[in-house]
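Engineer: Structure file protein.cif, mmCIF, C-alpha atoms, is pasted below:
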```cif
data_target
#
loop_
_atom_site.label_atom_id
_atom_site.label_comp_id
_atom_site.auth_asym_id
_atom_site.auth_seq_id
_atom_site.Cartn_x
_atom_site.Cartn_y
_atom_site.Cartn_z
CA MET A 1 -28.56 46.46 -33.27
CA ILE A 2 -26.76 46.71 -29.92
CA ARG A 3 -29.01 44.20 -28.19
CA PRO A 4 -28.55 41.38 -30.76
CA VAL A 5 -24.75 41.83 -30.64
CA ALA A 6 -24.78 41.74 -26.85
CA ALA A 7 -27.00 38.68 -26.92
CA GLY A 8 -24.61 37.04 -29.38
CA LEU A 9 -21.66 37.74 -27.08
CA VAL A 10 -23.52 36.31 -24.12
CA LEU A 11 -24.41 33.21 -26.14
CA ALA A 12 -20.80 32.76 -27.30
CA CYS A 13 -19.47 33.11 -23.76
CA SER A 14 -22.10 30.64 -22.56
CA LEU A 15 -20.99 28.11 -25.16
CA VAL A 16 -17.33 28.53 -24.17
CA LEU A 17 -18.12 28.08 -20.49
CA THR A 18 -20.31 25.09 -21.28
CA GLY A 19 -17.46 23.54 -23.25
CA VAL A 20 -15.07 23.95 -20.31
CA ASP A 21 -17.53 22.49 -17.82
CA ALA A 22 -18.23 19.57 -20.14
CA THR A 23 -14.58 18.45 -20.09
CA PRO A 24 -14.58 15.12 -18.22
CA PRO A 25 -12.38 15.00 -15.10
CA ILE A 26 -9.27 12.84 -15.15
CA SER A 27 -9.75 9.48 -13.45
CA ILE A 28 -8.22 6.02 -13.30
CA THR A 29 -9.60 2.60 -12.35
CA GLY A 30 -8.13 -0.55 -10.85
CA GLN A 31 -7.74 -2.56 -7.66
CA LEU A 32 -6.49 -1.02 -4.43
CA LEU A 33 -3.32 -2.08 -2.65
CA ALA A 34 -3.48 0.39 0.25
CA TYR A 35 -5.33 3.48 1.51
CA GLN A 36 -3.40 5.16 4.30
CA ASP A 37 -1.54 8.23 5.54
CA GLY A 38 -3.09 10.54 2.96
CA PHE A 39 -2.25 8.35 -0.04
CA VAL A 40 -3.99 5.72 -2.14
CA PHE A 41 -2.06 2.96 -3.94
CA PHE A 42 -3.21 0.63 -6.69
CA THR A 43 -1.93 -2.91 -7.33
CA THR A 44 -0.27 -1.60 -10.48
CA GLY A 45 2.16 0.20 -8.16
CA ASP A 46 0.80 3.69 -8.84
CA GLY A 47 0.27 5.90 -5.79
CA PHE A 48 -1.51 9.24 -5.47
CA ARG A 49 -2.02 11.93 -2.85
CA LEU A 50 -5.50 12.34 -1.35
CA ALA A 51 -7.18 15.76 -1.24
CA PRO A 52 -8.49 16.99 2.14
CA GLY A 53 -12.08 15.82 2.50
CA VAL A 54 -11.82 13.19 -0.26
CA GLN A 55 -15.24 11.69 -0.99
CA ILE A 56 -15.68 7.89 -0.74
CA VAL A 57 -18.68 6.83 -2.82
CA ASN A 58 -20.43 3.52 -3.49
CA GLU A 59 -20.42 3.14 -7.26
CA GLN A 60 -23.69 1.18 -7.31
CA THR A 61 -25.76 3.51 -5.10
CA HIS A 62 -23.93 6.79 -5.88
CA LYS A 63 -24.09 7.53 -2.15
CA ALA A 64 -21.39 7.80 0.51
CA SER A 65 -19.76 4.42 1.09
CA THR A 66 -20.42 2.68 4.38
CA HIS A 67 -16.81 1.49 4.65
CA ALA A 68 -13.39 2.97 4.02
CA PRO A 69 -11.31 1.78 1.05
CA LYS A 70 -9.20 -1.29 1.78
CA ALA A 71 -6.81 -3.65 -0.01
CA ARG A 72 -8.34 -5.55 -2.96
CA ASP A 73 -11.29 -3.14 -3.35
CA TYR A 74 -12.08 -2.18 -6.94
CA ALA A 75 -12.05 1.58 -7.27
CA ARG A 76 -12.12 4.62 -9.53
CA ALA A 77 -10.03 7.61 -8.44
CA THR A 78 -10.95 11.06 -9.74
CA PHE A 79 -8.45 13.95 -9.63
CA ASN A 80 -8.73 17.69 -9.25
CA ALA A 81 -6.63 20.17 -11.22
CA SER A 82 -3.84 19.94 -8.63
CA GLY A 83 -3.49 16.19 -9.14
CA GLU A 84 -5.04 15.18 -5.83
CA VAL A 85 -7.67 12.46 -5.55
CA VAL A 86 -10.97 14.15 -4.67
CA GLU A 87 -13.29 11.16 -5.07
CA ILE A 88 -12.94 7.37 -4.84
CA ASP A 89 -15.80 5.26 -6.20
CA LEU A 90 -15.80 1.74 -4.73
CA SER A 91 -17.34 -1.12 -6.69
CA ASN A 92 -18.08 -4.77 -5.95
CA LYS A 93 -17.48 -5.50 -9.62
CA PRO A 94 -14.01 -5.39 -11.23
CA TYR A 95 -12.94 -2.11 -12.77
CA PRO A 96 -10.58 -2.23 -15.77
CA VAL A 97 -6.89 -2.44 -14.78
CA GLY A 98 -4.47 -1.08 -17.34
CA PRO A 99 -1.44 1.13 -17.94
CA LEU A 100 -1.49 4.52 -16.23
CA PRO A 101 -2.83 7.07 -18.75
CA GLU A 102 -0.52 9.95 -19.64
CA SER A 103 -3.07 12.43 -18.32
CA ALA A 104 -2.66 11.00 -14.79
CA ALA A 105 1.04 10.07 -14.90
CA ALA A 106 2.10 13.49 -13.65
CA PHE A 107 -0.01 13.00 -10.52
CA ALA A 108 1.78 9.82 -9.34
CA VAL A 109 3.69 10.45 -6.11
CA THR A 110 6.22 7.78 -7.03
CA ILE A 111 7.76 10.28 -9.44
CA SER A 112 7.30 13.41 -7.33
CA SER A 113 10.37 15.32 -6.23
CA PRO A 114 11.58 15.13 -2.61
CA VAL A 115 9.70 17.45 -0.28
CA PRO A 116 11.52 18.65 2.86
CA ASN A 117 9.64 18.35 6.14
CA PRO A 118 9.99 21.61 8.14
CA ASP A 119 8.79 19.87 11.34
CA LEU A 120 11.84 17.61 11.44
CA GLY A 121 15.48 18.49 11.86
CA VAL A 122 17.84 17.80 9.00
CA SER A 123 20.36 15.03 9.56
CA ALA A 124 24.01 15.25 8.68
CA PRO A 125 24.87 14.25 5.10
CA THR A 126 25.28 10.47 4.69
CA THR A 127 27.33 8.77 2.01
CA VAL A 128 25.78 5.61 0.56
CA ASN A 129 27.47 3.77 -2.30
CA GLY A 130 29.59 6.82 -3.02
CA VAL A 131 26.58 9.16 -3.20
CA THR A 132 26.12 11.81 -0.51
CA GLU A 133 22.53 12.32 0.61
CA GLN A 134 20.86 14.26 3.40
CA PHE A 135 17.89 12.75 5.23
CA THR A 136 15.23 14.32 7.45
CA GLY A 137 14.18 11.09 9.16
CA LYS A 138 10.54 11.63 8.18
CA PRO A 139 8.23 8.59 7.85
CA VAL A 140 8.15 7.40 4.23
CA LEU A 141 5.72 4.96 2.63
CA VAL A 142 7.74 2.09 1.17
CA LYS A 143 6.19 -0.41 -1.26
CA PHE A 144 7.74 -3.88 -1.46
CA SER A 145 6.85 -5.99 -4.52
CA VAL A 146 8.16 -9.50 -5.17
CA GLN A 147 7.73 -12.24 -7.75
CA VAL A 148 8.09 -15.78 -6.40
CA PRO A 149 9.10 -18.97 -8.28
CA PRO A 150 6.40 -21.07 -10.01
CA THR A 151 7.30 -23.94 -7.63
CA THR A 152 5.99 -21.90 -4.68
CA PRO A 153 3.02 -23.71 -3.03
CA ILE A 154 -0.23 -22.14 -4.15
CA ASN A 155 -1.37 -21.61 -0.54
CA ALA A 156 1.97 -20.18 0.61
CA GLN A 157 2.22 -16.95 2.59
CA VAL A 158 5.20 -14.69 1.92
CA TYR A 159 6.91 -12.57 4.57
CA ILE A 160 9.80 -10.11 4.81
CA ALA A 161 12.51 -10.70 7.41
CA THR A 162 14.63 -7.64 8.24
CA ASP A 163 17.57 -6.68 10.38
CA GLN A 164 15.19 -4.25 12.14
CA SER A 165 13.26 -7.25 13.56
CA ASP A 166 16.28 -9.44 14.42
CA TRP A 167 15.53 -11.48 11.28
CA ASN A 168 12.17 -12.72 12.50
CA PRO A 169 11.05 -14.78 9.43
CA GLN A 170 7.44 -13.70 9.96
CA SER A 171 8.15 -10.02 10.58
CA ILE A 172 6.09 -8.51 7.72
CA LEU A 173 3.24 -10.43 6.09
CA MET A 174 2.75 -9.55 2.41
CA ASP A 175 -0.52 -9.33 0.46
CA ARG A 176 -1.02 -11.68 -2.47
CA VAL A 177 -1.64 -9.92 -5.80
CA ASP A 178 -1.85 -13.05 -7.94
CA ALA A 179 -0.35 -16.56 -8.05
CA LEU A 180 3.25 -15.31 -8.31
CA HIS A 181 3.22 -11.73 -7.00
CA PHE A 182 3.02 -10.24 -3.51
CA GLN A 183 3.10 -6.63 -2.28
CA VAL A 184 3.00 -4.71 0.98
CA ILE A 185 3.42 -1.08 2.08
CA ARG A 186 5.13 0.00 5.30
CA ARG A 187 6.19 3.33 6.86
CA ILE A 188 9.95 3.54 7.42
CA ALA A 189 12.01 6.55 8.48
CA SER A 190 14.08 8.16 5.72
CA GLY A 191 17.78 7.51 6.12
CA THR A 192 17.17 3.90 7.17
CA ILE A 193 19.46 1.39 5.46
CA LEU A 194 17.24 -1.68 5.50
CA HIS A 195 18.62 -5.22 5.05
CA PHE A 196 15.95 -7.80 4.25
CA LEU A 197 15.14 -11.22 2.79
CA TYR A 198 11.89 -12.84 1.69
CA THR A 199 10.66 -15.99 3.46
CA ARG A 200 7.65 -18.30 3.56
CA GLY A 201 7.50 -18.01 7.33
CA SER A 202 10.54 -19.89 8.62
CA LEU A 203 14.32 -19.95 8.37
CA GLN A 204 14.11 -23.15 6.35
CA THR A 205 11.94 -21.47 3.73
CA GLU A 206 13.86 -18.22 3.23
CA GLU A 207 14.91 -17.22 -0.26
CA VAL A 208 18.19 -18.45 -1.77
CA ALA A 209 20.31 -17.41 -4.74
CA ALA A 210 19.87 -18.88 -8.22
CA ASN A 211 22.58 -21.47 -7.47
CA GLY A 212 20.64 -22.72 -4.46
CA LEU A 213 23.07 -21.30 -1.91
CA ALA A 214 22.35 -18.78 0.81
CA MET A 215 22.30 -15.22 -0.45
CA LYS A 216 23.34 -11.94 1.10
CA PRO A 217 20.45 -9.84 2.42
CA ARG A 218 18.96 -7.32 0.04
CA VAL A 219 19.69 -3.66 0.88
CA LEU A 220 17.36 -0.67 0.50
CA THR A 221 18.21 2.90 1.52
CA ILE A 222 15.06 4.90 2.31
CA ASN A 223 15.36 8.38 0.79
CA ASP A 224 13.35 11.54 1.46
CA SER A 225 10.89 11.29 -1.43
CA ASP A 226 7.18 10.91 -0.70
CA THR A 227 7.31 7.18 -1.42
CA ASN A 228 9.97 4.54 -2.04
CA SER A 229 9.54 1.20 -3.78
CA THR A 230 11.52 -1.94 -4.46
CA ASN A 231 10.77 -4.76 -6.91
CA SER A 232 12.41 -8.16 -6.38
CA VAL A 233 12.41 -11.64 -7.90
CA VAL A 234 12.94 -14.68 -5.68
CA ALA A 235 15.13 -17.24 -7.49
CA GLY A 236 14.28 -20.12 -5.14
CA TRP A 237 13.49 -21.21 -1.61
CA ALA A 238 15.84 -22.91 0.86
CA ASP A 239 13.60 -25.98 1.13
CA SER A 240 13.73 -26.69 -2.60
CA ASN A 241 16.62 -27.58 -4.87
CA GLN A 242 16.92 -26.70 -8.55
CA ASN A 243 14.53 -29.55 -9.47
CA GLY A 244 11.88 -28.30 -7.07
CA ILE A 245 12.40 -31.30 -4.72
CA LEU A 246 12.25 -30.53 -1.04
CA SER A 247 15.61 -30.79 0.70
CA GLN A 248 16.25 -32.42 4.07
CA PRO A 249 15.83 -30.28 7.19
CA SER A 250 19.06 -29.15 8.77
CA ILE A 251 18.03 -26.82 11.60
CA PHE A 252 16.35 -27.15 14.98
CA PRO A 253 13.22 -25.42 16.31
CA THR A 254 13.54 -21.85 17.54
CA PRO A 255 11.00 -19.39 19.03
CA TYR A 256 10.64 -17.81 15.56
CA ASN A 257 10.67 -21.16 13.76
CA PRO A 258 8.92 -23.72 16.00
CA ALA A 259 8.27 -26.23 13.20
CA PRO A 260 11.23 -26.31 10.80
CA PHE A 261 10.42 -29.84 9.60
CA PRO A 262 7.23 -29.54 7.53
CA ASN A 263 8.04 -32.63 5.43
CA LEU A 264 8.33 -35.30 8.14
CA PRO A 265 6.01 -38.33 7.68
CA HIS A 266 2.73 -38.03 9.53
CA GLY A 267 3.00 -39.11 13.15
CA GLU A 268 6.78 -38.75 13.39
CA PRO A 269 7.98 -36.70 16.39
CA THR A 270 9.86 -33.45 15.73
CA PRO A 271 13.60 -33.79 16.56
CA HIS A 272 14.90 -31.70 19.44
CA SER A 273 18.41 -30.57 20.30
#
```
In structure tokens, how does this file's structure come out?

Structural biologist:
Amino acid sequence: MIRPVAAGLVLACSLVLTGVDATPPISITGQLLAYQDGFVFFTTGDGFRLAPGVQIVNEQTHKASTHAPKARDYARATFNASGEVVEIDLSNKPYPVGPLPESAAAFAVTISSPVPNPDLGVSAPTTVNGVTEQFTGKPVLVKFSVQVPPTTPINAQVYIATDQSDWNPQSILMDRVDALHFQVIRRIASGTILHFLYTRGSLQTEEVAANGLAMKPRVLTINDSDTNSTNSVVAGWADSNQNGILSQPSIFPTPYNPAPFPNLPHGEPTPHS
């Protein structure tokens, strides 16, 4: 009778182990926004840390992909038990894009706690808006997202002008997500107090307040978390009034804005100072 009992125990253990192995791994699907610096970001705004040696696979052939993930690729990300992405399956057909499942929400780096960088010195405490913070100066991935007005030309490109670039209106080109939404990711040192405005490529087409008047630059303080993000809504552009009619030009060409008169009749010379 000993052998049957032992066999039964072995069978039971085998069933338990089989049940564990059969548990499907946690994964999410969507469209990529960025793949860089050890992180992968989806257009939904969710970002995740990559595991060392992450596998990039072609979903159709089930073999190693011949190209690295890039913006607008459709992808499935599969996680290990530590919440790192161990495999990315790239597809030339759209994957479903939906809310982040609860099973993967804990893996998102956007909600991870700040991690000190031992390779960098710690700066002196800085007080911002009455709150005292301490920054290491480490590079931080910052995601900018913006919604533009429906009157924005369908072929428009959207940029970010910052005080770090002397307000060059074409400093940072954003990626189009859909007709009204643009996003981009940049590395910025923690502790930076960034002043910025959105433009369509010139001083005449920078964003304005809801009343049509010039607005103060937006302000973003980069903290020490793994990633930072900012979501904005552009109320209007400087070359449009509240009725969406283009206003008259009032500035002269500059090196950053060589053609500030896009609405002149065809064949008319550009005014010069």

Engineer: What separation in Å, quoted to one decimal, exists between atom CA of Ala51 of chain A and atom CA of Glu102 of chain A?

Structural biologist: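 A separation of 20.4 Å between them.
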
Engineer: Apply the PyMOL selection byres ((chain A and resi 50) around 12) to the file shown and report the selected residues as a PyMOL selection string.

Structural biologist: chain A and resi 35-41+47-49+51-56+77-80+82-88+107-109

Engineer: What is the atom CA of Ala161 of chain A to atom CA of Tyr198 of chain A distance in Å?

Structural biologist: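 Computing the Euclidean distance for atom CA of Ala161 of chain A and atom CA of Tyr198 of chain A yields 6.1 Å.
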
Engineer: What is the atom CA of Asp178 of chain A-atom CA of Val148 of chain A distance in Å, reported with one decimal?

Structural biologist: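 Interatomic distance here is 10.4 Å.
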
Engineer: For the provided coordinates, the residues matched by the PyMOL selection byres ((chain A and resi 44) around 10) should be stated as a compact mmCIF listing (two decimals) with C-alpha atoms, in the frame of the given file.

Structural biologist:
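Writing done, so here's selection38.txt:
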```
# COMPACT_ATOMS: atom_id res chain seq x y z
CA GLY A 30 -8.13 -0.55 -10.85
CA GLN A 31 -7.74 -2.56 -7.66
CA LEU A 32 -6.49 -1.02 -4.43
CA LEU A 33 -3.32 -2.08 -2.65
CA PHE A 41 -2.06 2.96 -3.94
CA PHE A 42 -3.21 0.63 -6.69
CA THR A 43 -1.93 -2.91 -7.33
CA GLY A 45 2.16 0.20 -8.16
CA ASP A 46 0.80 3.69 -8.84
CA GLY A 47 0.27 5.90 -5.79
CA VAL A 97 -6.89 -2.44 -14.78
CA GLY A 98 -4.47 -1.08 -17.34
CA PRO A 99 -1.44 1.13 -17.94
CA LEU A 100 -1.49 4.52 -16.23
CA VAL A 177 -1.64 -9.92 -5.80
```

Engineer: Give as a tab-separated table (two decimals) with C-alpha atoms, in the frame of the given file each residue that has an atom at most 12 Å from (12.6, 1.4, -3.9) in the file, counting only C-alpha atoms.

Structural biologist:
```
chain	number	residue	atom	x	y	z
A	45	GLY	CA	2.16	0.20	-8.16
A	110	THR	CA	6.22	7.78	-7.03
A	111	ILE	CA	7.76	10.28	-9.44
A	140	VAL	CA	8.15	7.40	4.23
A	141	LEU	CA	5.72	4.96	2.63
A	142	VAL	CA	7.74	2.09	1.17
A	143	LYS	CA	6.19	-0.41	-1.26
A	144	PHE	CA	7.74	-3.88	-1.46
A	145	SER	CA	6.85	-5.99	-4.52
A	146	VAL	CA	8.16	-9.50	-5.17
A	185	ILE	CA	3.42	-1.08	2.08
A	186	ARG	CA	5.13	0.00	5.30
A	188	ILE	CA	9.95	3.54	7.42
A	190	SER	CA	14.08	8.16	5.72
A	193	ILE	CA	19.46	1.39	5.46
A	194	LEU	CA	17.24	-1.68	5.50
A	218	ARG	CA	18.96	-7.32	0.04
A	219	VAL	CA	19.69	-3.66	0.88
A	220	LEU	CA	17.36	-0.67	0.50
A	221	THR	CA	18.21	2.90	1.52
A	222	ILE	CA	15.06	4.90	2.31
A	223	ASN	CA	15.36	8.38	0.79
A	224	ASP	CA	13.35	11.54	1.46
A	225	SER	CA	10.89	11.29	-1.43
A	226	ASP	CA	7.18	10.91	-0.70
A	227	THR	CA	7.31	7.18	-1.42
A	228	ASN	CA	9.97	4.54	-2.04
A	229	SER	CA	9.54	1.20	-3.78
A	230	THR	CA	11.52	-1.94	-4.46
A	231	ASN	CA	10.77	-4.76	-6.91
A	232	SER	CA	12.41	-8.16	-6.38
```

Engineer: For a quick check of understanding, using only C-alpha atoms, which of A:Leu197, A:Val208, A:Val234, A:Ile160 has the smallest distance to His181 of chain A?

Structural biologist: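 Checking each candidate against His181 of chain A, we get A:Val234 as the closest.
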
Engineer: Smallest atom-to-atom distance to Ala235 of chain A: which of A:Val57, A:Leu180, A:Ala214, A:Ala209, using only C-alpha atoms?

Structural biologist: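 Nearest candidate to Ala235 of chain A out of A:Val57, A:Leu180, A:Ala214, A:Ala209: A:Ala209.
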
Engineer: Looking at only C-alpha atoms, which of A:Ala179, A:Ala156, A:Ala64, A:Ala34 is the one that sits closest to Leu90 of chain A?

Structural biologist: A:Ala64

Engineer: Give me the result of the PyMOL selection byres ((chain A and resi 172) around 6) on this file, residue by residue, as a list in words.

Structural biologist: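 Given this file, the PyMOL selection byres ((chain A and resi 172) around 6) evaluates to Tyr159, Ile160, Gln170, Ser171 and Leu173 of chain A.
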
Engineer: May I ask which of the residues A:Gln164, A:Thr151, A:Ser91, A:Thr23 is the closest one to Lys70 of chain A, counting all atoms listed in the file?

Structural biologist: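 Of all the options, A:Ser91 lies closest to Lys70 of chain A.
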